[in-house]
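First the structure, in the form of structure tokens, and then the observations on it.
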There are 2 protein chains.
Amino acid sequence: MTTILVIEDDRHIAELISINLEDDQTTVLRCYHGTEGFIEATKNEFDLIILDLMLPGKKGMEICRDLRASNIITPILMLTSKSDEIDKILGLETGADDYITKPFSIREFQARVKAILRRSKLDAEQTDTIAIPELRIKKLIINQELRKVEHNSHRLNLTPKEFELLALMANNPGKTYSRAQLLHKIWGYDFEGYEHTVNSHINRLRAKLEKDAGNPEYILTTWGVGYRFTEA
Amino acid sequence: MTTILVIEDDRHIAELISINLEDDQTTVLRCYHGTEGFIEATKNEFDLIILDLMLPGKKGMEICRDLRASNIITPILMLTSKSDEIDKILGLETGADDYITKPFSIREFQARVKAILRRSKLDAEQTDTIAIPELRIKKLIINQELRKVEHNSHRLNLTPKEFELLALMANNPGKTYSRAQLLHKIWGYDFEGYEHTVNSHINRLRAKLEKDAGNPEYILTTWGVGYRFTEA
DNA sequence: AGAACATATTATCAAGTTATAACCACTTAA
DNA sequence: TTAAGTGGTTATAACTTGATAATATGTTCT
């Protein structure tokens, strides 16, 4: 059973969300006011809180920050209309897990909610997969906290995309990611580009990482499907 | 191959869309009338439906709602001139996936279409992998989530078709699949080829999987009928 | 049991598909 | 103004695939 709290003053959107999320396994509770929503969130336990940024009473970001300050770790999905505030939402000072800009497509919204719920369920199950700060595989050391990669005791200068690709795949050794999945996870669901862009980045990453790029040791190809990180 | 249905009474716009989406991998079918478009959408399967809001005959939102009511989950991109109706378009009561307001730039339009197609492809990829993530039979481990197959503790490098064949049959141990069924399920209903193509693939799969291909342990032959995966 | 037939297996191959590597053009940051 | 990062392009290389043919195995009939 899943319970979701929606804090959103626009009743139309709140209802839209409820209709789309509610089923026999999921109940949705609606609050149309910020302060009321905050109290509800502290009083009961939810699997997910969907939070509008612009609210009467307590503002969305304020609620988010205060919930985190109260040690409530429930995942929070932010709703926002203005794309220029995204930076702040994602900042640590608020503590939201994800955001979506209005107006949004139902399909995208559902996908996002599903993803958050799955992620938090996974976290709860296996606390040891929360993101190990340092991964060591053969001669490779990936420090996700410092965003530093070492190979054979040499520091590798990876670009942001290269690092994210490597880190994502290395966190799930042996799992094959399709190009579409990589685009989705690293470039974002709204990236408007081609799958072969991934090839270029993998190619450059291999050039920095692999001794013999033709016979890679770390980043392997799953032919016809995508890429994967080597297993222990 | 991608097929797109355009339901739009303004022939100029319909043609514009066709020209810009059509290539050697994509066919576009045009309907200039709502009712006609609805029938077409229920009769054939498309990867995307582009739907004008204002139409003679059946209105766009009506079509959208009725398609969803008929359990047709094809992604729908709405074309609209009035931005104030957006909320309704995105509601579940209609069930559209995205919208774009006229007039739109070709580039933005193409980007939007590409994004929807990629997203729905991802959805499809993920939903059919929901099954049981890991199957274990004797020395064989099939992990459908990681897309990984292990035999005697080492990874087998299977091609896409090989993996799909194995996964399909292993999900129903003991069930005999005829060559025609395998072709249909894995190659698709529109595959135009011979049944012995299956033999080749089974043969290659056995070569990778079986110690003694002449006396297979996992993929067994049902003489005169087809193939089956061994039972526990 | 053995001949005649049907079906399955294996090996091989050409055509098509997919991946790689080396570039290029554009943008952004230093 | 350079340098670095990124998305995309192209030519080439590698692999997959569907098909064919040769061989082997199972089935049926006498």
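Ordered as shown in the structure tokens, chains take letters A, B, and onward, while each chain numbers its residues from 1 and ligands are numbered from 1 in the order shown.
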Next on the checklist: Set the distance at 12 Å and use only C-alpha atoms (C1' of nucleotides): which residues neighbour DT28 in chain D once local chain neighbours fewer than 6 positions away are removed? I'd like the list as a PyMOL selection string.
Outcome noted: chain C and resi 2-6
Write the residues you've just listed into a file as a PDB file, in the first residue's frame, and include C-alpha atoms (C1' of nucleotides) for each of them.
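Done, and the output landed in part-v2.pdb:
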```pdb
ATOM      1  C1'  DG C   2      15.401 -51.759 -43.134  1.00  0.00           C
ATOM      2  C1'  DA C   3      13.979 -48.486 -46.721  1.00  0.00           C
ATOM      3  C1'  DA C   4      11.938 -44.164 -47.565  1.00  0.00           C
ATOM      4  C1'  DC C   5      10.653 -40.075 -45.828  1.00  0.00           C
ATOM      5  C1'  DA C   6      10.315 -36.130 -42.712  1.00  0.00           C
TER       6       DA C   6
END
```
Next on the checklist: Residues of chain B were defined as contacting chain C if any atom lay at most 8 Å from it, counting only C-alpha atoms (C1' of nucleotides); please report them as an MDAnalysis selection string.
Outcome noted: chainID B and resid 203 223:224
Those residues with C-alpha atoms, as a PDB file, in the first residue's frame please?
```pdb
ATOM      1  CA  ASN B 203      21.498 -23.684 -32.795  1.00  0.00           C
ATOM      2  CA  TRP B 223       9.973 -33.225 -32.292  1.00  0.00           C
ATOM      3  CA  GLY B 224       7.736 -32.136 -35.103  1.00  0.00           C
TER       4      GLY B 224
END
```
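Once chain A is least-squares aligned to chain B over all ordered C-alpha pairs, the remaining root-mean-square deviation is 13.1 Å.
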Residues of chain B at most 8 Å from chain D: nearest atom pair and distance in Å, only C-alpha atoms (C1' of nucleotides), as JSON lines:
```
{"residue": "B:Thr159", "atom": "CA", "partner": "D:DT16", "partner_atom": "C1'", "distance": 7.4}
{"residue": "B:Gly193", "atom": "CA", "partner": "D:DG18", "partner_atom": "C1'", "distance": 7.9}
{"residue": "B:Thr197", "atom": "CA", "partner": "D:DG18", "partner_atom": "C1'", "distance": 6.0}
```
Checklist entry - What lies within 12 Å of Leu205 in chain B using only C-alpha atoms (C1' of nucleotides), ignoring chain neighbours under 2 positions off, as a VMD selection string? => result chain B and resid 149 156 to 167 198 to 203 207 to 211 213 216 218 to 220
Item to check | Contact residues (chain B, partner chain A, 6 Å, only C-alpha atoms) as a ChimeraX atom specification | outcome: /B:91,97-98,111,146
Create the file for the chosen residues now, containing N, CA and C atoms and written as an mmCIF file, in the first residue's frame.
```cif
data_model
loop_
_atom_site.group_PDB
_atom_site.id
_atom_site.type_symbol
_atom_site.label_atom_id
_atom_site.label_comp_id
_atom_site.auth_asym_id
_atom_site.auth_seq_id
_atom_site.Cartn_x
_atom_site.Cartn_y
_atom_site.Cartn_z
ATOM 1 N N GLY B 91 -5.323 16.556 -18.692
ATOM 2 C CA GLY B 91 -6.028 15.765 -17.699
ATOM 3 C C GLY B 91 -6.196 14.332 -18.152
ATOM 4 N N ASP B 97 -0.597 12.879 -24.009
ATOM 5 C CA ASP B 97 0.716 12.771 -23.386
ATOM 6 C C ASP B 97 1.473 14.080 -23.402
ATOM 7 N N ASP B 98 1.191 14.878 -24.407
ATOM 8 C CA ASP B 98 1.903 16.137 -24.520
ATOM 9 C C ASP B 98 1.100 17.011 -25.478
ATOM 10 N N ALA B 111 11.549 17.958 -32.067
ATOM 11 C CA ALA B 111 12.133 17.597 -30.782
ATOM 12 C C ALA B 111 11.098 16.940 -29.886
ATOM 13 N N LEU B 146 19.094 -7.137 -15.338
ATOM 14 C CA LEU B 146 20.451 -6.748 -15.715
ATOM 15 C C LEU B 146 20.756 -7.154 -17.156
#
```
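Near Leu117 in chain B, within a cut-off of 8 Å and counting only C-alpha atoms (C1' of nucleotides), sit the residues Asp47, Leu48, Pro75, Val113, Lys114, Ser120 and Lys121 of chain B, with same-chain residues fewer than 3 positions away left out.
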C-alpha atoms of the current selection, written as a JSON list (two decimals), in the first residue's frame:
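again-v1.json, written as the output of this step:
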```json
[["chain", "number", "residue", "atom", "x", "y", "z"],
["B", 47, "ASP", "CA", 3.71, 4.56, -32.47],
["B", 48, "LEU", "CA", 2.33, 8.06, -32.12],
["B", 75, "PRO", "CA", 1.13, 8.22, -27.12],
["B", 113, "VAL", "CA", 7.97, 14.06, -31.27],
["B", 114, "LYS", "CA", 11.39, 12.53, -30.77],
["B", 120, "SER", "CA", 7.37, 5.40, -24.90],
["B", 121, "LYS", "CA", 10.14, 3.15, -26.15]]
```
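The shell of residues at most 10 Å from Asn152 in chain A, with only C-alpha atoms (C1' of nucleotides) counted and near chain neighbours (fewer than 6 positions) removed, consists of Lys138, Lys139, Leu140 and Ile141 of chain A.
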Checklist entry - Where in range 131-201 of chain A does DSSP assign strand (DSSP E or B), given as a PyMOL selection string? => result chain A and resi 134-137+140-143+148-151+154-156+176-178
Preceding selection exported with C-alpha atoms as a PDB file, in the first residue's frame:
```
ATOM      1  CA  GLU A 134      34.265   5.210  -3.075  1.00  0.00           C
ATOM      2  CA  LEU A 135      34.178   2.331  -5.565  1.00  0.00           C
ATOM      3  CA  ARG A 136      37.263   0.248  -6.231  1.00  0.00           C
ATOM      4  CA  ILE A 137      37.454  -2.076  -9.201  1.00  0.00           C
ATOM      5  CA  LEU A 140      40.228   1.946 -10.732  1.00  0.00           C
ATOM      6  CA  ILE A 141      39.052   4.102  -7.850  1.00  0.00           C
ATOM      7  CA  ILE A 142      35.892   6.147  -8.237  1.00  0.00           C
ATOM      8  CA  ASN A 143      35.202   8.616  -5.470  1.00  0.00           C
ATOM      9  CA  LYS A 148      37.499  12.044  -8.442  1.00  0.00           C
ATOM     10  CA  VAL A 149      38.659   9.073 -10.490  1.00  0.00           C
ATOM     11  CA  GLU A 150      42.013   7.375 -10.211  1.00  0.00           C
ATOM     12  CA  HIS A 151      43.468   4.701 -12.435  1.00  0.00           C
ATOM     13  CA  HIS A 154      46.927   8.520 -11.810  1.00  0.00           C
ATOM     14  CA  ARG A 155      44.130  10.962 -11.587  1.00  0.00           C
ATOM     15  CA  LEU A 156      41.862  10.945 -14.633  1.00  0.00           C
ATOM     16  CA  THR A 176      23.415  -3.404 -19.250  1.00  0.00           C
ATOM     17  CA  TYR A 177      22.051   0.078 -19.829  1.00  0.00           C
ATOM     18  CA  SER A 178      20.512   0.848 -23.186  1.00  0.00           C
TER      19      SER A 178
END
```
Checklist entry - chain A: which residues are alpha helix (DSSP H) by DSSP, as number ranges by chain? => result A: 11-21, 34-43, 60-69, 86-90, 106-125, 160-170, 179-182, 196-209
Checklist outcome for this item: Between CA of Thr3 in chain B and CA of Ile50 in chain B lies a distance of 11.1 Å
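Across the structure, CA of Leu5 in chain A and CA of Leu29 in chain A are spaced 4.9 Å apart.
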Next on the checklist: If I take CA of Tyr99 in chain A and CA of Arg147 in chain A, how far is one from the other in Å, to one decimal?
Outcome noted: 23.7 Å
Item to check | Nearby residues (only C-alpha atoms (C1' of nucleotides)) at most 12 Å from Gln25 in chain B, same-chain spacing under 5 positions excluded, as a list in words | outcome: Met1, Thr2, Thr3 and Ile4 of chain B
